[in-house]
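Heads up, the thing below is written out as structure tokens.
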Amino acid sequence: MTTLDTVLDDLAAESLQLDGWVAGLKPDEWATVTTPEGWTVAHQVAHLHWTDVTSTHAINDKAAFDALIMAALENPEGYIDQATDELALEPPESLLPAWRAGRAALVEALKSVPEGQKIPWFGPPMSPVSMVTARLMETWAHSHDVAEALGISVPRTDRVKHVCHIGVRTFAFTHMMRGEEAPDVQPRVELTAPSGEVWTWGPEDSPERVTGDAWDFALLATRRRHRSDVDVTAEGPAADHWLDIVQAFAGLPGNDPKPLAER
């Protein structure tokens with residue numbers, strides 16, 4: 001199997017897990033609020049569906065994707081929320097199969113990208129593997145929102161490594177989104193996986209270090225948990241500041257998550 005196949009399989013597993021949670025919901029349960037901003041279960045699925053379709057346009061339909069870029073430039077802070085709001089109005093009996101079809105179409109589109117070709121996006125162009133990893137990260141994060149709202153205990157799997165990987169790779173990007181210049185030093189990151197394996201990134205001799213639980217780091221990097229609620233620690237001022245602002249996703253960081261004790 002190629003790296004793309006491996007990540008696609010993990011994305012499919014994450015998607016099917018969420019699909020299984022929402023497929024049996026009654027129509028009124030799709031209106032369950034999942035975030036402090038008021039996103040419902042329907043919003044979560046709608047957002048994932050919109051991003052799948054947009055990703056497919058980025059690969060197969062330049063005119064459609066260019067139009068999306070122009071619309072986003074006209075409303076950079078509200079465009080994605082507006083698109084999500086509109087899709088979330090679709091009844092579950094049409095939104096759910098549309099999401100399933102969009103997932104399948106994206107897989108086929110990604111497999112068609114010629115080797116070495118990058119896919120345009122709202123930020124820097126991405127390789128197919130990078131795009132799939134980003135889709136998995138988003139699916140993992142939004143699935144967490146849904147599970148928490150519905151009282152579902154999320155199985156901890158090593159698929160979370162993809163989320164951690166993006167969290168580490170976006171070190172410089174995270175600072176840029178805050179209007180800051182990233183420090184020259186790259187932290188050493190050592191995280192313990194759900195399986196007990198230790199995952200590492202960065203130079204072994206770095207004076208800046210981040211250590212802890214991989215699942216918790218992923219929750220921190222997707223801004224689903226406040227730093228005070230995760231088992232992740234930093235050594236060094238650059239690493240310490242990074243944990244305050246880390247984000248694994250493109251776009252503005254949004255509202256800072258509140259400590260669980262204050263929710």
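Every chain in the structure tokens has a letter given in the order shown (A, B, ...), and although residue numbers restart at 1 in each chain, ligands are simply numbered from 1 in the order shown.
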Any idea what's packed within 12 Å of segment 57-66 of chain A, counting only C-alpha atoms, ignoring anything in its chain fewer than 5 positions away? Could you give it as a PDB file with all heavy atoms, in the first residue's frame?
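That gives us selection_37.pdb:
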```pdb
ATOM      1  N   TRP A  50     -19.189  19.993   3.077  1.00  0.00           N
ATOM      2  CA  TRP A  50     -18.781  21.151   2.275  1.00  0.00           C
ATOM      3  C   TRP A  50     -17.292  21.089   1.962  1.00  0.00           C
ATOM      4  O   TRP A  50     -16.867  21.357   0.826  1.00  0.00           O
ATOM      5  CB  TRP A  50     -19.095  22.445   3.034  1.00  0.00           C
ATOM      6  CG  TRP A  50     -18.656  23.682   2.300  1.00  0.00           C
ATOM      7  CD1 TRP A  50     -19.345  24.362   1.343  1.00  0.00           C
ATOM      8  CD2 TRP A  50     -17.393  24.359   2.443  1.00  0.00           C
ATOM      9  NE1 TRP A  50     -18.597  25.427   0.887  1.00  0.00           N
ATOM     10  CE2 TRP A  50     -17.400  25.439   1.541  1.00  0.00           C
ATOM     11  CE3 TRP A  50     -16.280  24.147   3.240  1.00  0.00           C
ATOM     12  CZ2 TRP A  50     -16.320  26.315   1.415  1.00  0.00           C
ATOM     13  CZ3 TRP A  50     -15.205  25.015   3.126  1.00  0.00           C
ATOM     14  CH2 TRP A  50     -15.228  26.089   2.224  1.00  0.00           C
ATOM     15  N   THR A  51     -16.489  20.721   2.941  1.00  0.00           N
ATOM     16  CA  THR A  51     -15.040  20.685   2.715  1.00  0.00           C
ATOM     17  C   THR A  51     -14.658  19.556   1.768  1.00  0.00           C
ATOM     18  O   THR A  51     -13.742  19.713   0.949  1.00  0.00           O
ATOM     19  CB  THR A  51     -14.285  20.542   4.048  1.00  0.00           C
ATOM     20  OG1 THR A  51     -14.813  21.473   4.995  1.00  0.00           O
ATOM     21  CG2 THR A  51     -12.808  20.832   3.860  1.00  0.00           C
ATOM     22  N   ASP A  52     -15.342  18.418   1.849  1.00  0.00           N
ATOM     23  CA  ASP A  52     -15.087  17.334   0.895  1.00  0.00           C
ATOM     24  C   ASP A  52     -15.381  17.791  -0.536  1.00  0.00           C
ATOM     25  O   ASP A  52     -14.585  17.564  -1.457  1.00  0.00           O
ATOM     26  CB  ASP A  52     -15.953  16.118   1.225  1.00  0.00           C
ATOM     27  CG  ASP A  52     -15.495  15.377   2.463  1.00  0.00           C
ATOM     28  OD1 ASP A  52     -14.347  15.568   2.889  1.00  0.00           O
ATOM     29  OD2 ASP A  52     -16.305  14.593   3.013  1.00  0.00           O
ATOM     30  N   ALA A  71     -15.240  34.187  -3.334  1.00  0.00           N
ATOM     31  CA  ALA A  71     -16.289  34.382  -2.334  1.00  0.00           C
ATOM     32  C   ALA A  71     -15.691  34.445  -0.934  1.00  0.00           C
ATOM     33  O   ALA A  71     -16.124  35.247  -0.097  1.00  0.00           O
ATOM     34  CB  ALA A  71     -17.316  33.256  -2.433  1.00  0.00           C
ATOM     35  N   ALA A  72     -14.695  33.606  -0.689  1.00  0.00           N
ATOM     36  CA  ALA A  72     -14.047  33.604   0.624  1.00  0.00           C
ATOM     37  C   ALA A  72     -13.288  34.900   0.871  1.00  0.00           C
ATOM     38  O   ALA A  72     -13.260  35.405   2.000  1.00  0.00           O
ATOM     39  CB  ALA A  72     -13.096  32.406   0.731  1.00  0.00           C
ATOM     40  N   LEU A  73     -12.672  35.457  -0.170  1.00  0.00           N
ATOM     41  CA  LEU A  73     -11.949  36.713  -0.020  1.00  0.00           C
ATOM     42  C   LEU A  73     -12.886  37.867   0.311  1.00  0.00           C
ATOM     43  O   LEU A  73     -12.505  38.815   0.999  1.00  0.00           O
ATOM     44  CB  LEU A  73     -11.167  37.015  -1.302  1.00  0.00           C
ATOM     45  CG  LEU A  73      -9.949  36.121  -1.576  1.00  0.00           C
ATOM     46  CD1 LEU A  73      -9.363  36.422  -2.955  1.00  0.00           C
ATOM     47  CD2 LEU A  73      -8.888  36.324  -0.494  1.00  0.00           C
ATOM     48  N   GLY A 102     -20.149  12.567  -1.258  1.00  0.00           N
ATOM     49  CA  GLY A 102     -19.029  13.495  -1.357  1.00  0.00           C
ATOM     50  C   GLY A 102     -17.722  12.877  -0.898  1.00  0.00           C
ATOM     51  O   GLY A 102     -16.667  13.129  -1.485  1.00  0.00           O
ATOM     52  N   ALA A 105     -16.555  10.584  -3.701  1.00  0.00           N
ATOM     53  CA  ALA A 105     -16.059  11.350  -4.852  1.00  0.00           C
ATOM     54  C   ALA A 105     -14.674  11.921  -4.570  1.00  0.00           C
ATOM     55  O   ALA A 105     -13.808  11.949  -5.463  1.00  0.00           O
ATOM     56  CB  ALA A 105     -17.037  12.474  -5.189  1.00  0.00           C
ATOM     57  N   LEU A 106     -14.440  12.356  -3.351  1.00  0.00           N
ATOM     58  CA  LEU A 106     -13.133  12.913  -3.009  1.00  0.00           C
ATOM     59  C   LEU A 106     -12.049  11.852  -3.081  1.00  0.00           C
ATOM     60  O   LEU A 106     -10.935  12.115  -3.564  1.00  0.00           O
ATOM     61  CB  LEU A 106     -13.166  13.541  -1.614  1.00  0.00           C
ATOM     62  CG  LEU A 106     -11.835  14.106  -1.105  1.00  0.00           C
ATOM     63  CD1 LEU A 106     -11.288  15.165  -2.061  1.00  0.00           C
ATOM     64  CD2 LEU A 106     -11.990  14.686   0.299  1.00  0.00           C
ATOM     65  N   VAL A 107     -12.341  10.655  -2.626  1.00  0.00           N
ATOM     66  CA  VAL A 107     -11.356   9.567  -2.699  1.00  0.00           C
ATOM     67  C   VAL A 107     -10.941   9.330  -4.144  1.00  0.00           C
ATOM     68  O   VAL A 107      -9.739   9.220  -4.459  1.00  0.00           O
ATOM     69  CB  VAL A 107     -11.928   8.275  -2.080  1.00  0.00           C
ATOM     70  CG1 VAL A 107     -11.012   7.087  -2.389  1.00  0.00           C
ATOM     71  CG2 VAL A 107     -12.087   8.424  -0.576  1.00  0.00           C
ATOM     72  N   GLU A 108     -11.913   9.244  -5.023  1.00  0.00           N
ATOM     73  CA  GLU A 108     -11.595   9.017  -6.436  1.00  0.00           C
ATOM     74  C   GLU A 108     -10.802  10.174  -7.027  1.00  0.00           C
ATOM     75  O   GLU A 108      -9.868   9.975  -7.818  1.00  0.00           O
ATOM     76  CB  GLU A 108     -12.896   8.793  -7.235  1.00  0.00           C
ATOM     77  CG  GLU A 108     -13.628   7.524  -6.868  1.00  0.00           C
ATOM     78  CD  GLU A 108     -12.733   6.292  -6.949  1.00  0.00           C
ATOM     79  OE1 GLU A 108     -12.075   6.109  -7.996  1.00  0.00           O
ATOM     80  OE2 GLU A 108     -12.682   5.521  -5.973  1.00  0.00           O
ATOM     81  N   ALA A 109     -11.158  11.389  -6.651  1.00  0.00           N
ATOM     82  CA  ALA A 109     -10.440  12.555  -7.161  1.00  0.00           C
ATOM     83  C   ALA A 109      -8.983  12.541  -6.688  1.00  0.00           C
ATOM     84  O   ALA A 109      -8.057  12.815  -7.462  1.00  0.00           O
ATOM     85  CB  ALA A 109     -11.135  13.833  -6.724  1.00  0.00           C
ATOM     86  N   LEU A 110      -8.773  12.238  -5.427  1.00  0.00           N
ATOM     87  CA  LEU A 110      -7.412  12.221  -4.869  1.00  0.00           C
ATOM     88  C   LEU A 110      -6.554  11.159  -5.544  1.00  0.00           C
ATOM     89  O   LEU A 110      -5.371  11.384  -5.808  1.00  0.00           O
ATOM     90  CB  LEU A 110      -7.473  11.980  -3.365  1.00  0.00           C
ATOM     91  CG  LEU A 110      -7.942  13.170  -2.525  1.00  0.00           C
ATOM     92  CD1 LEU A 110      -8.417  12.714  -1.153  1.00  0.00           C
ATOM     93  CD2 LEU A 110      -6.820  14.189  -2.380  1.00  0.00           C
ATOM     94  N   LYS A 111      -7.132  10.023  -5.827  1.00  0.00           N
ATOM     95  CA  LYS A 111      -6.377   8.949  -6.467  1.00  0.00           C
ATOM     96  C   LYS A 111      -6.001   9.287  -7.908  1.00  0.00           C
ATOM     97  O   LYS A 111      -5.094   8.681  -8.479  1.00  0.00           O
ATOM     98  CB  LYS A 111      -7.177   7.654  -6.430  1.00  0.00           C
ATOM     99  CG  LYS A 111      -7.277   7.029  -5.047  1.00  0.00           C
ATOM    100  CD  LYS A 111      -8.048   5.714  -5.096  1.00  0.00           C
ATOM    101  CE  LYS A 111      -8.043   5.026  -3.738  1.00  0.00           C
ATOM    102  NZ  LYS A 111      -8.791   3.743  -3.760  1.00  0.00           N
ATOM    103  N   SER A 112      -6.715  10.272  -8.499  1.00  0.00           N
ATOM    104  CA  SER A 112      -6.457  10.638  -9.899  1.00  0.00           C
ATOM    105  C   SER A 112      -5.364  11.686 -10.048  1.00  0.00           C
ATOM    106  O   SER A 112      -4.927  11.973 -11.168  1.00  0.00           O
ATOM    107  CB  SER A 112      -7.742  11.169 -10.538  1.00  0.00           C
ATOM    108  OG  SER A 112      -8.062  12.479 -10.056  1.00  0.00           O
ATOM    109  N   VAL A 113      -4.915  12.278  -8.954  1.00  0.00           N
ATOM    110  CA  VAL A 113      -3.912  13.348  -9.034  1.00  0.00           C
ATOM    111  C   VAL A 113      -2.573  12.762  -9.470  1.00  0.00           C
ATOM    112  O   VAL A 113      -2.068  11.811  -8.844  1.00  0.00           O
ATOM    113  CB  VAL A 113      -3.756  14.058  -7.669  1.00  0.00           C
ATOM    114  CG1 VAL A 113      -2.662  15.124  -7.737  1.00  0.00           C
ATOM    115  CG2 VAL A 113      -5.082  14.688  -7.241  1.00  0.00           C
ATOM    116  N   PRO A 114      -1.970  13.281 -10.529  1.00  0.00           N
ATOM    117  CA  PRO A 114      -0.673  12.757 -10.990  1.00  0.00           C
ATOM    118  C   PRO A 114       0.403  12.892  -9.917  1.00  0.00           C
ATOM    119  O   PRO A 114       0.389  13.838  -9.126  1.00  0.00           O
ATOM    120  CB  PRO A 114      -0.349  13.647 -12.202  1.00  0.00           C
ATOM    121  CG  PRO A 114      -1.668  14.179 -12.656  1.00  0.00           C
ATOM    122  CD  PRO A 114      -2.488  14.345 -11.412  1.00  0.00           C
ATOM    123  N   GLN A 117       2.123  16.261  -8.331  1.00  0.00           N
ATOM    124  CA  GLN A 117       1.286  17.454  -8.539  1.00  0.00           C
ATOM    125  C   GLN A 117       0.662  17.898  -7.228  1.00  0.00           C
ATOM    126  O   GLN A 117       0.195  17.088  -6.442  1.00  0.00           O
ATOM    127  CB  GLN A 117       0.194  17.152  -9.564  1.00  0.00           C
ATOM    128  CG  GLN A 117      -0.705  18.356  -9.868  1.00  0.00           C
ATOM    129  CD  GLN A 117      -1.664  18.056 -11.015  1.00  0.00           C
ATOM    130  OE1 GLN A 117      -1.244  17.602 -12.079  1.00  0.00           O
ATOM    131  NE2 GLN A 117      -2.947  18.287 -10.803  1.00  0.00           N
ATOM    132  N   LYS A 118       0.641  19.208  -6.987  1.00  0.00           N
ATOM    133  CA  LYS A 118       0.045  19.775  -5.786  1.00  0.00           C
ATOM    134  C   LYS A 118      -1.394  20.220  -6.080  1.00  0.00           C
ATOM    135  O   LYS A 118      -1.738  20.550  -7.218  1.00  0.00           O
ATOM    136  CB  LYS A 118       0.863  20.969  -5.288  1.00  0.00           C
ATOM    137  CG  LYS A 118       2.264  20.615  -4.780  1.00  0.00           C
ATOM    138  CD  LYS A 118       2.198  19.831  -3.485  1.00  0.00           C
ATOM    139  CE  LYS A 118       3.574  19.553  -2.905  1.00  0.00           C
ATOM    140  NZ  LYS A 118       4.179  20.751  -2.296  1.00  0.00           N
ATOM    141  N   ILE A 119      -2.190  20.246  -5.050  1.00  0.00           N
ATOM    142  CA  ILE A 119      -3.600  20.633  -5.155  1.00  0.00           C
ATOM    143  C   ILE A 119      -3.749  22.048  -4.585  1.00  0.00           C
ATOM    144  O   ILE A 119      -3.305  22.316  -3.460  1.00  0.00           O
ATOM    145  CB  ILE A 119      -4.484  19.664  -4.361  1.00  0.00           C
ATOM    146  CG1 ILE A 119      -4.291  18.234  -4.865  1.00  0.00           C
ATOM    147  CG2 ILE A 119      -5.956  20.069  -4.448  1.00  0.00           C
ATOM    148  CD1 ILE A 119      -4.855  17.179  -3.933  1.00  0.00           C
ATOM    149  N   PRO A 120      -4.362  22.975  -5.327  1.00  0.00           N
ATOM    150  CA  PRO A 120      -4.542  24.331  -4.793  1.00  0.00           C
ATOM    151  C   PRO A 120      -5.475  24.297  -3.586  1.00  0.00           C
ATOM    152  O   PRO A 120      -6.372  23.458  -3.493  1.00  0.00           O
ATOM    153  CB  PRO A 120      -5.164  25.099  -5.967  1.00  0.00           C
ATOM    154  CG  PRO A 120      -5.832  24.044  -6.800  1.00  0.00           C
ATOM    155  CD  PRO A 120      -4.966  22.822  -6.665  1.00  0.00           C
ATOM    156  N   TRP A 121      -5.259  25.236  -2.657  1.00  0.00           N
ATOM    157  CA  TRP A 121      -6.116  25.308  -1.482  1.00  0.00           C
ATOM    158  C   TRP A 121      -6.159  26.746  -0.997  1.00  0.00           C
ATOM    159  O   TRP A 121      -5.565  27.636  -1.606  1.00  0.00           O
ATOM    160  CB  TRP A 121      -5.624  24.346  -0.404  1.00  0.00           C
ATOM    161  CG  TRP A 121      -6.658  24.056   0.641  1.00  0.00           C
ATOM    162  CD1 TRP A 121      -6.550  24.277   1.981  1.00  0.00           C
ATOM    163  CD2 TRP A 121      -7.960  23.499   0.436  1.00  0.00           C
ATOM    164  NE1 TRP A 121      -7.725  23.894   2.620  1.00  0.00           N
ATOM    165  CE2 TRP A 121      -8.603  23.419   1.698  1.00  0.00           C
ATOM    166  CE3 TRP A 121      -8.661  23.076  -0.703  1.00  0.00           C
ATOM    167  CZ2 TRP A 121      -9.900  22.928   1.861  1.00  0.00           C
ATOM    168  CZ3 TRP A 121      -9.958  22.593  -0.550  1.00  0.00           C
ATOM    169  CH2 TRP A 121     -10.552  22.517   0.725  1.00  0.00           C
ATOM    170  N   PHE A 122      -6.857  26.997   0.095  1.00  0.00           N
ATOM    171  CA  PHE A 122      -6.998  28.352   0.612  1.00  0.00           C
ATOM    172  C   PHE A 122      -5.675  28.871   1.172  1.00  0.00           C
ATOM    173  O   PHE A 122      -5.469  30.066   1.260  1.00  0.00           O
ATOM    174  CB  PHE A 122      -8.086  28.383   1.693  1.00  0.00           C
ATOM    175  CG  PHE A 122      -9.457  28.092   1.144  1.00  0.00           C
ATOM    176  CD1 PHE A 122      -9.952  26.798   1.093  1.00  0.00           C
ATOM    177  CD2 PHE A 122     -10.249  29.116   0.653  1.00  0.00           C
ATOM    178  CE1 PHE A 122     -11.212  26.530   0.583  1.00  0.00           C
ATOM    179  CE2 PHE A 122     -11.516  28.863   0.133  1.00  0.00           C
ATOM    180  CZ  PHE A 122     -11.995  27.562   0.096  1.00  0.00           C
ATOM    181  N   PRO A 125      -0.568  25.281  -1.608  1.00  0.00           N
ATOM    182  CA  PRO A 125      -0.991  24.045  -2.283  1.00  0.00           C
ATOM    183  C   PRO A 125      -0.529  22.820  -1.500  1.00  0.00           C
ATOM    184  O   PRO A 125       0.494  22.852  -0.808  1.00  0.00           O
ATOM    185  CB  PRO A 125      -0.297  24.136  -3.639  1.00  0.00           C
ATOM    186  CG  PRO A 125      -0.017  25.587  -3.836  1.00  0.00           C
ATOM    187  CD  PRO A 125       0.267  26.137  -2.477  1.00  0.00           C
ATOM    188  N   MET A 126      -1.295  21.735  -1.611  1.00  0.00           N
ATOM    189  CA  MET A 126      -0.996  20.533  -0.840  1.00  0.00           C
ATOM    190  C   MET A 126      -0.859  19.315  -1.738  1.00  0.00           C
ATOM    191  O   MET A 126      -1.511  19.228  -2.789  1.00  0.00           O
ATOM    192  CB  MET A 126      -2.110  20.271   0.183  1.00  0.00           C
ATOM    193  CG  MET A 126      -2.233  21.310   1.267  1.00  0.00           C
ATOM    194  SD  MET A 126      -3.358  20.764   2.592  1.00  0.00           S
ATOM    195  CE  MET A 126      -4.932  20.919   1.771  1.00  0.00           C
ATOM    196  N   SER A 127      -0.054  18.374  -1.293  1.00  0.00           N
ATOM    197  CA  SER A 127       0.002  17.076  -1.947  1.00  0.00           C
ATOM    198  C   SER A 127      -1.267  16.309  -1.589  1.00  0.00           C
ATOM    199  O   SER A 127      -1.950  16.633  -0.603  1.00  0.00           O
ATOM    200  CB  SER A 127       1.219  16.291  -1.477  1.00  0.00           C
ATOM    201  OG  SER A 127       1.069  15.907  -0.112  1.00  0.00           O
ATOM    202  N   PRO A 128      -1.618  15.266  -2.363  1.00  0.00           N
ATOM    203  CA  PRO A 128      -2.784  14.464  -2.002  1.00  0.00           C
ATOM    204  C   PRO A 128      -2.695  13.893  -0.583  1.00  0.00           C
ATOM    205  O   PRO A 128      -3.692  13.891   0.147  1.00  0.00           O
ATOM    206  CB  PRO A 128      -2.785  13.354  -3.055  1.00  0.00           C
ATOM    207  CG  PRO A 128      -2.156  13.986  -4.253  1.00  0.00           C
ATOM    208  CD  PRO A 128      -1.083  14.873  -3.683  1.00  0.00           C
ATOM    209  N   MET A 131      -3.503  16.612   1.861  1.00  0.00           N
ATOM    210  CA  MET A 131      -4.921  16.948   1.861  1.00  0.00           C
ATOM    211  C   MET A 131      -5.732  15.893   2.603  1.00  0.00           C
ATOM    212  O   MET A 131      -6.633  16.229   3.389  1.00  0.00           O
ATOM    213  CB  MET A 131      -5.445  17.109   0.437  1.00  0.00           C
ATOM    214  CG  MET A 131      -6.948  17.381   0.377  1.00  0.00           C
ATOM    215  SD  MET A 131      -7.523  17.982  -1.218  1.00  0.00           S
ATOM    216  CE  MET A 131      -7.185  19.752  -1.064  1.00  0.00           C
TER     217      MET A 131
END
```
List the spatial neighbours of Ala149 of chain A as a ChimeraX atom specification - criterion: any atom at most 10 Å away, only C-alpha atoms, same-chain residues fewer than 6 positions off excluded.
/A:32-35,40-41,143
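Candidate residues A:Leu150, A:Ile69, A:Ala172, A:Val160 were compared for distance to Leu191 of chain A, and the nearest is A:Val160, using only C-alpha atoms.
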Where does segment 74-184 of chain A meet segment 198-206 of chain A within 12 Å, residue by residue, with the nearest atom pair and distance in Å to one decimal for each, counting only C-alpha atoms, listed by chain and rising number, as CSV?
```
residue,atom,partner,partner_atom,distance
A:Asp158,CA,A:Trp199,CA,10.3
A:Val160,CA,A:Trp199,CA,11.0
A:Lys161,CA,A:Trp199,CA,8.0
A:His162,CA,A:Trp199,CA,11.0
A:Cys164,CA,A:Trp199,CA,9.2
A:His165,CA,A:Trp201,CA,8.2
A:Ile166,CA,A:Trp201,CA,11.0
A:Gly167,CA,A:Trp201,CA,10.7
A:Val168,CA,A:Trp201,CA,7.5
A:Arg169,CA,A:Trp201,CA,9.0
A:Phe171,CA,A:Gly202,CA,10.9
A:Asp184,CA,A:Ser206,CA,11.0
```
With N, CA, C and O atoms retained, write the just-selected residues as a PDB file, in the first residue's frame.
```pdb
ATOM      1  N   ASP A 158      -4.790   4.775  17.308  1.00  0.00           N
ATOM      2  CA  ASP A 158      -3.547   5.393  16.838  1.00  0.00           C
ATOM      3  C   ASP A 158      -3.732   6.201  15.556  1.00  0.00           C
ATOM      4  O   ASP A 158      -2.776   6.801  15.056  1.00  0.00           O
ATOM      5  N   VAL A 160      -4.965   8.848  15.587  1.00  0.00           N
ATOM      6  CA  VAL A 160      -4.740  10.218  16.063  1.00  0.00           C
ATOM      7  C   VAL A 160      -3.347  10.724  15.698  1.00  0.00           C
ATOM      8  O   VAL A 160      -3.087  11.936  15.746  1.00  0.00           O
ATOM      9  N   LYS A 161      -2.467   9.827  15.289  1.00  0.00           N
ATOM     10  CA  LYS A 161      -1.107  10.258  14.910  1.00  0.00           C
ATOM     11  C   LYS A 161      -1.154  11.285  13.787  1.00  0.00           C
ATOM     12  O   LYS A 161      -0.333  12.214  13.738  1.00  0.00           O
ATOM     13  N   HIS A 162      -2.094  11.128  12.867  1.00  0.00           N
ATOM     14  CA  HIS A 162      -2.203  12.078  11.754  1.00  0.00           C
ATOM     15  C   HIS A 162      -2.525  13.486  12.270  1.00  0.00           C
ATOM     16  O   HIS A 162      -2.022  14.477  11.755  1.00  0.00           O
ATOM     17  N   CYS A 164      -1.817  14.646  15.305  1.00  0.00           N
ATOM     18  CA  CYS A 164      -0.611  15.139  15.980  1.00  0.00           C
ATOM     19  C   CYS A 164       0.415  15.629  14.959  1.00  0.00           C
ATOM     20  O   CYS A 164       1.076  16.659  15.173  1.00  0.00           O
ATOM     21  N   HIS A 165       0.547  14.891  13.867  1.00  0.00           N
ATOM     22  CA  HIS A 165       1.533  15.257  12.835  1.00  0.00           C
ATOM     23  C   HIS A 165       1.248  16.656  12.283  1.00  0.00           C
ATOM     24  O   HIS A 165       2.165  17.483  12.169  1.00  0.00           O
ATOM     25  N   ILE A 166      -0.016  16.924  11.972  1.00  0.00           N
ATOM     26  CA  ILE A 166      -0.346  18.264  11.478  1.00  0.00           C
ATOM     27  C   ILE A 166      -0.119  19.303  12.567  1.00  0.00           C
ATOM     28  O   ILE A 166       0.371  20.405  12.299  1.00  0.00           O
ATOM     29  N   GLY A 167      -0.458  18.958  13.800  1.00  0.00           N
ATOM     30  CA  GLY A 167      -0.235  19.894  14.897  1.00  0.00           C
ATOM     31  C   GLY A 167       1.213  20.309  15.025  1.00  0.00           C
ATOM     32  O   GLY A 167       1.517  21.472  15.313  1.00  0.00           O
ATOM     33  N   VAL A 168       2.121  19.361  14.793  1.00  0.00           N
ATOM     34  CA  VAL A 168       3.557  19.665  14.852  1.00  0.00           C
ATOM     35  C   VAL A 168       4.005  20.429  13.615  1.00  0.00           C
ATOM     36  O   VAL A 168       4.744  21.420  13.704  1.00  0.00           O
ATOM     37  N   ARG A 169       3.546  19.981  12.450  1.00  0.00           N
ATOM     38  CA  ARG A 169       3.996  20.588  11.192  1.00  0.00           C
ATOM     39  C   ARG A 169       3.536  22.031  11.029  1.00  0.00           C
ATOM     40  O   ARG A 169       4.121  22.788  10.248  1.00  0.00           O
ATOM     41  N   PHE A 171       3.748  24.409  13.165  1.00  0.00           N
ATOM     42  CA  PHE A 171       4.417  25.239  14.169  1.00  0.00           C
ATOM     43  C   PHE A 171       4.579  26.685  13.679  1.00  0.00           C
ATOM     44  O   PHE A 171       4.144  27.640  14.338  1.00  0.00           O
ATOM     45  N   ASP A 184      13.280  30.575  15.735  1.00  0.00           N
ATOM     46  CA  ASP A 184      14.152  29.757  14.886  1.00  0.00           C
ATOM     47  C   ASP A 184      14.246  28.315  15.372  1.00  0.00           C
ATOM     48  O   ASP A 184      14.465  27.403  14.590  1.00  0.00           O
TER      49      ASP A 184
END
```
Just checking: using only C-alpha atoms, which residue out of A:Thr157, A:Gln17, A:Thr211, A:Gln247 ends up closest to Asp231 of chain A?
A:Thr211
I need the helix (DSSP H, G or I) residues of segment 64-129 of chain A per DSSP on the backbone, written as an MDAnalysis selection string.
chainID A and resid 64:74 79:88 92:112 128:129
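Across the model, the gap from atom CA of Ala147 of chain A to atom CA of Ala12 of chain A is 17.3 Å.
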Neighbours of Ser228 of chain A within 10 Å (only C-alpha atoms; same-chain residues fewer than 4 positions away dropped), as a ChimeraX atom specification?
/A:220,232-233,244,258-261
